[in-house]
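Trainee: Dropping a structure here in structure tokens format, bear with me for questions.
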Amino acid sequence: MIGFCPLASGSKGNALYFGTKKTKILIDAGIGLKKISERLSCINVSLNDIEAVLVTHDHYDHIMGIKYLKEKQVFSNAETARGIYRQLSVKPPFRIFTTDTSFVYKDLTVHPFSVQHDTLDPVGFVIQTEKYKIGICTDLGFVTTLVKHH
């Protein structure tokens, strides 16, 4: 599937799908592998098609599934990577980004930006393709000027 689809949202787990013709990723993986697979299959995407996970922050309901996705690249900032390791005792193939610095992954330009939340260095993402641009923020208590800007 090309596009965006929430797979889970709430205190029991968070996961979002984003896909283009070339790239298929998850934003957060806070549910188990079986649920991720089932929900992806509903949109005609195989878990094998998922190449990477972008992580917004290290709360368990956003990272729990990462322990089952060890072969996938995990994009996070350094503080979130530390939190993932501390909670899950796994070291997936991390790709560390710097908050507020854009990076390119395949045909995606990703801009992680700071959001207010009760953890170290949580982020939202602006993801841009050749045709589309989407902003993703989770767990916002309120909308800051920076969130409005992005």
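In the structure tokens, chains take letters A, B, ... by order of appearance, with residues numbered from 1 within each chain and ligands from 1 in the order shown.
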Excluding Ile63 (chain A) and residues on its chain fewer than 2 positions from it, collect all residues at most 6 Å away from it, counting only C-alpha atoms, and give them as a list in words.

Mentor: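 The residues satisfying every condition are Ala29, Gly30, Tyr60, Asp61, Gly65 and Ile66 of chain A.
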
Trainee: Kindly provide the residues of region 1-108 of chain A that approach region 120-125 of chain A to within 10 Å, each paired with its closest atom pair and their distance in Å to one decimal, based on only C-alpha atoms, listed by chain and increasing number, as a Markdown table.

Mentor:
```
| residue | atom | partner | partner_atom | distance |
| --- | --- | --- | --- | --- |
| A:Ile27 | CA | A:Phe125 | CA | 9.0 |
| A:Leu54 | CA | A:Phe125 | CA | 8.7 |
| A:Val55 | CA | A:Val123 | CA | 8.2 |
| A:Thr56 | CA | A:Val123 | CA | 5.0 |
| A:His57 | CA | A:Pro122 | CA | 4.8 |
| A:Asp58 | CA | A:Pro122 | CA | 7.8 |
| A:His59 | CA | A:Pro122 | CA | 9.6 |
| A:Ser76 | CA | A:Val123 | CA | 9.0 |
| A:Asn77 | CA | A:Asp121 | CA | 7.6 |
| A:Ala78 | CA | A:Asp121 | CA | 8.6 |
| A:Glu79 | CA | A:Leu120 | CA | 6.2 |
| A:Thr80 | CA | A:Asp121 | CA | 7.0 |
| A:Arg82 | CA | A:Leu120 | CA | 9.9 |
| A:Gly83 | CA | A:Leu120 | CA | 8.6 |
| A:Thr98 | CA | A:Asp121 | CA | 9.9 |
| A:Thr99 | CA | A:Val123 | CA | 7.2 |
| A:Asp100 | CA | A:Val123 | CA | 8.8 |
| A:Ser102 | CA | A:Phe125 | CA | 9.6 |
```

Trainee: Just the number, please: distance in Å from CA of Cys5 (chain A) to CA of Phe18 (chain A), one decimal.

Mentor: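 If I compute the distance from CA of Cys5 (chain A) to CA of Phe18 (chain A), I get 6.6 Å.
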
Trainee: If you run DSSP on this backbone, which residues of region 58-101 of chain A come out as strand (DSSP E or B), and could you give them as number ranges by chain?

Mentor: A: 73-76, 94-96

Trainee: CA of Ala15 (chain A) and CA of Ile31 (chain A) are how many Å apart?

Mentor: 7.0 Å

Trainee: My list of candidates is A:Met1, A:Val110, A:Gly13, A:Asp28. Which is closest to Ser46 (chain A) when distances are computed with only C-alpha atoms?

Mentor: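 Closest to Ser46 (chain A), using only C-alpha atoms: A:Met1.
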